[in-house]
Each structure stands twice: as C-alpha cells, then as structure tokens.
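Scroll down for the structure; my scribbles are underneath it.
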Amino acid sequence: MRSSLCRPNVLLILGDQHHADCVGLANLHAPPDVSVQQAASTPRLDRLGREGAVFTRAYTPAPVCAPARQALLAGRPPESFGALWNPNFIPTPTLEPEPGQHVAALRRAGYRSCLIGKWNSSLEHSPADFGFDQHIDPALYQRELAKAHPDLEWTGGWLGESSPLAPEETAVGWGARQVEGRLRDFAKTKTPWFIRWDLAEPHLPCRPPARFMELFKNKDVPPWAGFDDPLEMKPYIQRQQLLNWGLERHAHDWDWWQPVVRRYLAVIAEIDAAVGQVLDVLEELGQERDTLVIYSSDHGDLCGAHGMLDKHYVLYDDVTRVPLLLRWPAAIPGAVVSAELVYNMFDIAASIIDACGLDDADPGYGQSLLPLASGEGRGGRSAVVMAAHGQQFGLYTQRALRTVDWLYVWNLTDIDELYDCRRDPGQRVNRIADPGCATILADLRRRLHEELRQRGDPFVGWTDRQLLEGRQVDLSLR
C-alpha cells in the first residue's frame, strides 16, 4: 500500500494502564457510547492526534500487561497460545519467537531496533530472540536510582504518593533520555530504525513529581462515568474485589478517590511531557516527516471506576478501551478522527507491517490502521472481542464482545453482563435480565460464539448452551 513512499522509521510508545479517557484530544471527539473524564492534561499527545490520527474506539484484546504485549508481538489472541495472565505470578505459557512476527521481519528488512523498558513477553526468550538488536532494561534505572538516592523510601503502598524526585530522575524521565540517545545514534546512519518504548506508567502505584501534581487540584477532578456503581445484578467477584483491596468503605466516596485519581492524572501528564521531549528531538534531527509515531497502552485502569483499583475480573471499557494515536506526516494528512472499532495490539503490528512493506511478515489477526488514519474510508470492525482469566485473587474466565452500541460480557461461572453503552457509557446498569433486551442479547451471544469458534477458543463446545441457548440461572433468585 505504501510502496510509493520510503520505508519509515517507527517509534512505538506504549503506556501501562493508561485509561482512554485521559487524553484531552480524544475526549473532545469522544463518541456517545464511551465515557469522558475531562481533567486530563496531554498537549503533546494531543499534538500527535492533530498532526496525525486519533482512534476513539480502540480496544485491547486482553486487559493484562503480559498477554496484551504478547498479542502485539504475535498479532494473535494471547489465549490462542496460552498467555492467560502475567507469567511471573502463576507460570503460564508465553509466546515463542516466529519468523513471521513483525520485529523479526524488520530485522530482515535492514532495520535497526531497540526495546526500551519492561519485558514480560516470554519466560524462555529474550528480546533479541524476537529480533530486537538491543534491550535497555529498566533494572539499569533502578540501580542508578538506588545509587543516587540510597535513603529513598515509598510509604503510600498501591495508592501512591507524591515523589520527591525531579522529573529527569524518574523512570519516565530516564526512559525518555534512553529514547533520545537511540534517536541520536540512529540518526548518524542511513539505516531505518524501530524503537519501542514500553513504559511502566501510569500503572499503580502512581508517584508523580510535584511539578505535575500542581497541574491538578482535587476539586477539579470529576468522577468517572462508572463511579458510584451499586454493583447490583453484577458478578459476585466484583463486590469481592472491594474486600480484596480493602476498599469497601471508600467505593462510593469520591472525596477519598480524588487524590488517588489526581496522582494518576499527574503521572499521565508526566508521560505527556516526556513524549513531547522525544518528539522535539525527532524534529531537531530532521526525521519527523519520515517517522511513524504510535502511542497506545496495553490496557486501561479502573482507578476508582466502579469503586475498584487495577484491572482484574472486569471487562468494562475502563480497562479495555485504550488511547491510540498515529502520526506519519509523509502519509497521514493530519486531524483525522476515526470512530471505527479497532484493536490496538493486533492492528499496530499490522500497521507496522503495512507501512514498512514487510511482505514476509504475518499480520495475523490484525488489520492495518493506515487506510483509516489516511482518511481513505472505512475499515474497522463490526465488533471487537476481549478475553480475561483473572490473576492475583483467583482465576476467573471471561469473554466480551463490544459493538458500537453494546457491551456483552460472558462470565462463564457467574452472571453475564449486558450494557447499553449509548444510554449508559459508564456501564453501571446490567441489562442482562431485561426482557426488552432479549433479541439483542441473543444476537450478541451468537456473534461471540461464532468469533470464539473461529479462534478455536477451548470453551466453545463445552458451554454452547450458555451462548447459543441462553441457558442461565433464574436471576430473580439472587
């Protein structure tokens, strides 16, 4: 598709648990079926969208760190190769390197490549085995920090706290410097390059420097659309989550949550500043026009939505919908807003394959985002499917199908969930037992079953009565 253009450089930046509501430009263009949180301060990410494309309905295939990042490398659903949760918790299969994966294909095409940041995509293989020439491990940062601040202690636990560090001393600042260093090194050659920067932020605990905390005041942080959820007619495990985290007394108290969310927003502002620093270097080096820049996140974060923390045991938009921004001045005209349903991980890989002309790479389940980003028309999906399997507090299998209007969550061992997202973008009211939704529910179940059947999902067959016949306990008995 891009054969008339030179192969671009590629800079892929991935946040960790960046809620899709927390990008200012995306909020301005949010469609009616998604929630909006107005307090985000992201002028540099907004610049990417203004000069490129923003996708307002982008979803992760799996809202857990390692499975999502393995989906990016493979272009396939992580459950298809056994990546069910983070492997450093309960060991589980991880991705094997294959020649058709995009990083390996980039190496064959003559690209120099570097991974900066966390690596949790394989227990058995290093980034080099997947095609990266260099991996800059954040363990280097931890050693530098311990040497510079031997008495530094964190006391806020998972809820976070303000950081005494200067922005250049934080992990985000350190990562930006590493990216800048590689950009300057690569600019000295005429070889195309691929840099992937995997941040560990804004994953909790959030510890922003004071400079970014000052951008927000508690009173200016509004509740998420899904806040103050009574969790009525919801799976039991969601109420158990409040007990697991010790949040039962705070679930409906926004005054208590405001400083937590404020720290989260401040870390996102810190990331935004670091991204701006990197974009400035790219411009200084004269490589802005010929570089495809992509920003996204492995998944979102509840951060108080539905009264919960983190991301486990739910498939609300809070954890499945993600930021997705693309800029490539040589090929993307700018100011493109796409409300098509897309995946981030599958489609990012397919877009890199498309942009770089990697004919020997396998896009897997992905579809290139470049036609949509170029304003050439439609190209999204009628629905996206997500999978989750639980983690810290026990295993719990879920599948979900999201259309423009509806979210259906199949909880294999508890009540299913059905949300009318246009009327209820915060997904607070479960319509699963509403007789008026029976027809749409049957259709969504049929569509999910067909999608899972095509993927070879192991639960199709054993549980067909749930999806095809709607067999479920009498919910009025609860």
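Scheme for the structure tokens: letters A, B, ... for chains in order shown; per-chain residue numbers from 1; ligand numbers from 1 in order shown.
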*asked:* List the spatial neighbours of Leu369 in chain A as a list in words - criterion: any atom at most 8 Å away, only C-alpha atoms, same-chain residues fewer than 6 positions off excluded.
replied: Asp347, Ile348, Ala350, Ser351 and Gly379 of chain A
Export of the given selection (C-alpha atoms) as a CSV table (one decimal), in the first residue's frame:
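Writing the result to again.csv gives the following:
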chain,number,residue,atom,x,y,z
A,347,ASP,CA,-3.7,-3.6,14.4
A,348,ILE,CA,-0.5,-1.8,15.5
A,350,ALA,CA,-0.4,-5.0,11.0
A,351,SER,CA,0.1,-1.2,10.5
A,379,GLY,CA,-12.0,-0.2,7.6
Could you please write out, as a ChimeraX atom specification, every residue of range 198-442 of chain A that DSSP assigns to strand (DSSP E)? /A:198,291-297,324-327,336-343,384-391,394-402,406-411,417-420
What are the nearest atom pairs, with distances in Å to one decimal, for all residues of range 201-317 of chain A that come at most 8 Å from range 406-414 of chain A, using only C-alpha atoms, set out by chain and rising residue number as CSV?
residue,atom,partner,partner_atom,distance
A:Pro235,CA,A:Asp414,CA,5.8
A:Tyr236,CA,A:Asp414,CA,7.4
A:Leu315,CA,A:Val409,CA,7.0
Residues of the last selection are to be written out with N, CA and C atoms, as an mmCIF file, in the first residue's frame.
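Saved as out-v4.cif:
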data_model
loop_
_atom_site.group_PDB
_atom_site.id
_atom_site.type_symbol
_atom_site.label_atom_id
_atom_site.label_comp_id
_atom_site.auth_asym_id
_atom_site.auth_seq_id
_atom_site.Cartn_x
_atom_site.Cartn_y
_atom_site.Cartn_z
ATOM 1 N N PRO A 235 -21.614 -9.668 38.701
ATOM 2 C CA PRO A 235 -20.972 -10.865 39.240
ATOM 3 C C PRO A 235 -20.452 -10.650 40.664
ATOM 4 N N TYR A 236 -20.545 -11.682 41.463
ATOM 5 C CA TYR A 236 -20.104 -11.643 42.861
ATOM 6 C C TYR A 236 -18.672 -11.158 42.999
ATOM 7 N N LEU A 315 -14.439 -6.516 32.524
ATOM 8 C CA LEU A 315 -14.160 -6.153 31.137
ATOM 9 C C LEU A 315 -14.926 -4.882 30.761
#
Option closest in space to Thr320 in chain A, from A:Arg262, A:His306, A:Arg196, A:His299 [counting only C-alpha atoms]: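 Residue with the minimum atom-to-atom distance to Thr320 in chain A: A:His299.
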Just want the 7 Å neighbourhood of range 6-22 of chain A, counted on only C-alpha atoms, with same-chain residues fewer than 6 positions away dropped. Output as a PyMOL selection string. chain A and resi 35-37+40+192-203+290-301+318-319+321-323+355-356
Writer output for current selection, N, CA and C atoms, as an mmCIF file, in the first residue's frame:
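Below is the file out-v3.cif, written as the result:
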data_model
loop_
_atom_site.group_PDB
_atom_site.id
_atom_site.type_symbol
_atom_site.label_atom_id
_atom_site.label_comp_id
_atom_site.auth_asym_id
_atom_site.auth_seq_id
_atom_site.Cartn_x
_atom_site.Cartn_y
_atom_site.Cartn_z
ATOM 1 N N SER A 35 -17.223 6.822 27.709
ATOM 2 C CA SER A 35 -17.217 7.784 28.805
ATOM 3 C C SER A 35 -16.172 8.861 28.559
ATOM 4 N N VAL A 36 -16.252 9.931 29.328
ATOM 5 C CA VAL A 36 -15.330 11.050 29.194
ATOM 6 C C VAL A 36 -14.907 11.511 30.587
ATOM 7 N N GLN A 37 -13.625 11.745 30.790
ATOM 8 C CA GLN A 37 -13.092 12.275 32.044
ATOM 9 C C GLN A 37 -12.300 13.530 31.674
ATOM 10 N N ALA A 40 -7.822 15.478 32.046
ATOM 11 C CA ALA A 40 -6.518 15.116 31.504
ATOM 12 C C ALA A 40 -5.791 16.334 30.936
ATOM 13 N N PRO A 192 17.133 2.567 8.318
ATOM 14 C CA PRO A 192 15.860 2.797 9.007
ATOM 15 C C PRO A 192 15.870 2.119 10.373
ATOM 16 N N TRP A 193 15.080 2.658 11.290
ATOM 17 C CA TRP A 193 15.124 2.147 12.661
ATOM 18 C C TRP A 193 13.723 1.938 13.225
ATOM 19 N N PHE A 194 13.673 1.096 14.256
ATOM 20 C CA PHE A 194 12.443 0.819 15.007
ATOM 21 C C PHE A 194 12.785 0.901 16.489
ATOM 22 N N ILE A 195 12.137 1.834 17.189
ATOM 23 C CA ILE A 195 12.306 1.964 18.636
ATOM 24 C C ILE A 195 10.955 1.709 19.291
ATOM 25 N N ARG A 196 10.939 0.811 20.241
ATOM 26 C CA ARG A 196 9.735 0.563 21.034
ATOM 27 C C ARG A 196 10.046 0.920 22.481
ATOM 28 N N TRP A 197 9.267 1.844 23.017
ATOM 29 C CA TRP A 197 9.449 2.314 24.398
ATOM 30 C C TRP A 197 8.267 1.828 25.219
ATOM 31 N N ASP A 198 8.523 0.873 26.086
ATOM 32 C CA ASP A 198 7.497 0.298 26.958
ATOM 33 C C ASP A 198 7.613 0.914 28.347
ATOM 34 N N LEU A 199 6.716 1.832 28.634
ATOM 35 C CA LEU A 199 6.696 2.468 29.953
ATOM 36 C C LEU A 199 6.096 1.532 30.989
ATOM 37 N N ALA A 200 6.432 1.757 32.240
ATOM 38 C CA ALA A 200 5.791 1.046 33.345
ATOM 39 C C ALA A 200 4.725 1.914 34.009
ATOM 40 N N GLU A 201 4.418 3.060 33.430
ATOM 41 C CA GLU A 201 3.479 4.020 33.979
ATOM 42 C C GLU A 201 2.340 4.255 32.983
ATOM 43 N N PRO A 202 1.164 4.694 33.442
ATOM 44 C CA PRO A 202 0.775 5.113 34.795
ATOM 45 C C PRO A 202 0.266 3.989 35.696
ATOM 46 N N HIS A 203 0.769 2.797 35.515
ATOM 47 C CA HIS A 203 0.421 1.669 36.387
ATOM 48 C C HIS A 203 0.607 2.058 37.857
ATOM 49 N N ASP A 290 9.411 11.473 8.210
ATOM 50 C CA ASP A 290 9.538 10.092 7.752
ATOM 51 C C ASP A 290 9.512 9.089 8.893
ATOM 52 N N THR A 291 8.909 9.467 10.014
ATOM 53 C CA THR A 291 8.795 8.557 11.153
ATOM 54 C C THR A 291 7.336 8.341 11.508
ATOM 55 N N LEU A 292 6.951 7.090 11.551
ATOM 56 C CA LEU A 292 5.629 6.701 12.037
ATOM 57 C C LEU A 292 5.701 6.620 13.555
ATOM 58 N N VAL A 293 4.982 7.508 14.233
ATOM 59 C CA VAL A 293 4.928 7.527 15.691
ATOM 60 C C VAL A 293 3.570 6.969 16.118
ATOM 61 N N ILE A 294 3.594 6.021 17.028
ATOM 62 C CA ILE A 294 2.365 5.403 17.530
ATOM 63 C C ILE A 294 2.386 5.487 19.049
ATOM 64 N N TYR A 295 1.287 5.961 19.619
ATOM 65 C CA TYR A 295 1.137 5.916 21.080
ATOM 66 C C TYR A 295 -0.108 5.123 21.424
ATOM 67 N N SER A 296 0.055 4.191 22.370
ATOM 68 C CA SER A 296 -1.095 3.439 22.882
ATOM 69 C C SER A 296 -0.732 2.919 24.269
ATOM 70 N N SER A 297 -1.527 1.991 24.765
ATOM 71 C CA SER A 297 -1.301 1.395 26.085
ATOM 72 C C SER A 297 -1.732 -0.057 26.033
ATOM 73 N N ASP A 298 -1.146 -0.865 26.913
ATOM 74 C CA ASP A 298 -1.533 -2.282 26.915
ATOM 75 C C ASP A 298 -2.995 -2.459 27.300
ATOM 76 N N HIS A 299 -3.504 -1.592 28.194
ATOM 77 C CA HIS A 299 -4.901 -1.626 28.639
ATOM 78 C C HIS A 299 -5.139 -0.408 29.501
ATOM 79 N N GLY A 300 -6.338 -0.296 30.045
ATOM 80 C CA GLY A 300 -6.666 0.839 30.892
ATOM 81 C C GLY A 300 -6.516 0.523 32.365
ATOM 82 N N ASP A 301 -7.241 1.293 33.210
ATOM 83 C CA ASP A 301 -7.123 1.177 34.655
ATOM 84 C C ASP A 301 -8.441 1.634 35.262
ATOM 85 N N ASP A 318 -13.378 0.784 30.961
ATOM 86 C CA ASP A 318 -12.301 1.409 31.739
ATOM 87 C C ASP A 318 -10.983 0.673 31.564
ATOM 88 N N VAL A 319 -11.035 -0.644 31.386
ATOM 89 C CA VAL A 319 -9.800 -1.417 31.272
ATOM 90 C C VAL A 319 -9.547 -1.934 29.859
ATOM 91 N N ARG A 321 -10.800 -0.254 26.746
ATOM 92 C CA ARG A 321 -10.633 0.810 25.748
ATOM 93 C C ARG A 321 -9.338 1.556 26.047
ATOM 94 N N VAL A 322 -8.585 1.871 25.000
ATOM 95 C CA VAL A 322 -7.237 2.415 25.171
ATOM 96 C C VAL A 322 -7.010 3.620 24.267
ATOM 97 N N PRO A 323 -6.055 4.472 24.640
ATOM 98 C CA PRO A 323 -5.651 5.537 23.707
ATOM 99 C C PRO A 323 -4.965 4.915 22.490
ATOM 100 N N ALA A 355 3.170 -0.322 6.708
ATOM 101 C CA ALA A 355 3.961 0.886 6.468
ATOM 102 C C ALA A 355 5.364 0.565 5.986
ATOM 103 N N CYS A 356 5.943 -0.486 6.533
ATOM 104 C CA CYS A 356 7.342 -0.816 6.237
ATOM 105 C C CYS A 356 7.490 -1.801 5.082
#
For this session: Might you pull out every residue within 10 Å of Leu25 in chain A, with only C-alpha atoms counted and same-chain residues fewer than 3 positions away left off, and present them as a list in words?
Result: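 Selected residues are Asp21, Cys22, Leu28, His29, Ala30, Ala40, Ser41, Thr42, Pro43, Leu45, Asp46, Arg47, Leu48, Gly49, Arg50, Val54, Thr56 and Val337 of chain A.
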At a cut-off of 8 Å, using only C-alpha atoms, what residues contact Gln101 in chain A? Leave out same-chain residues fewer than 6 positions from it and give the result as a PyMOL selection string. chain A and resi 73-75+130+361-363
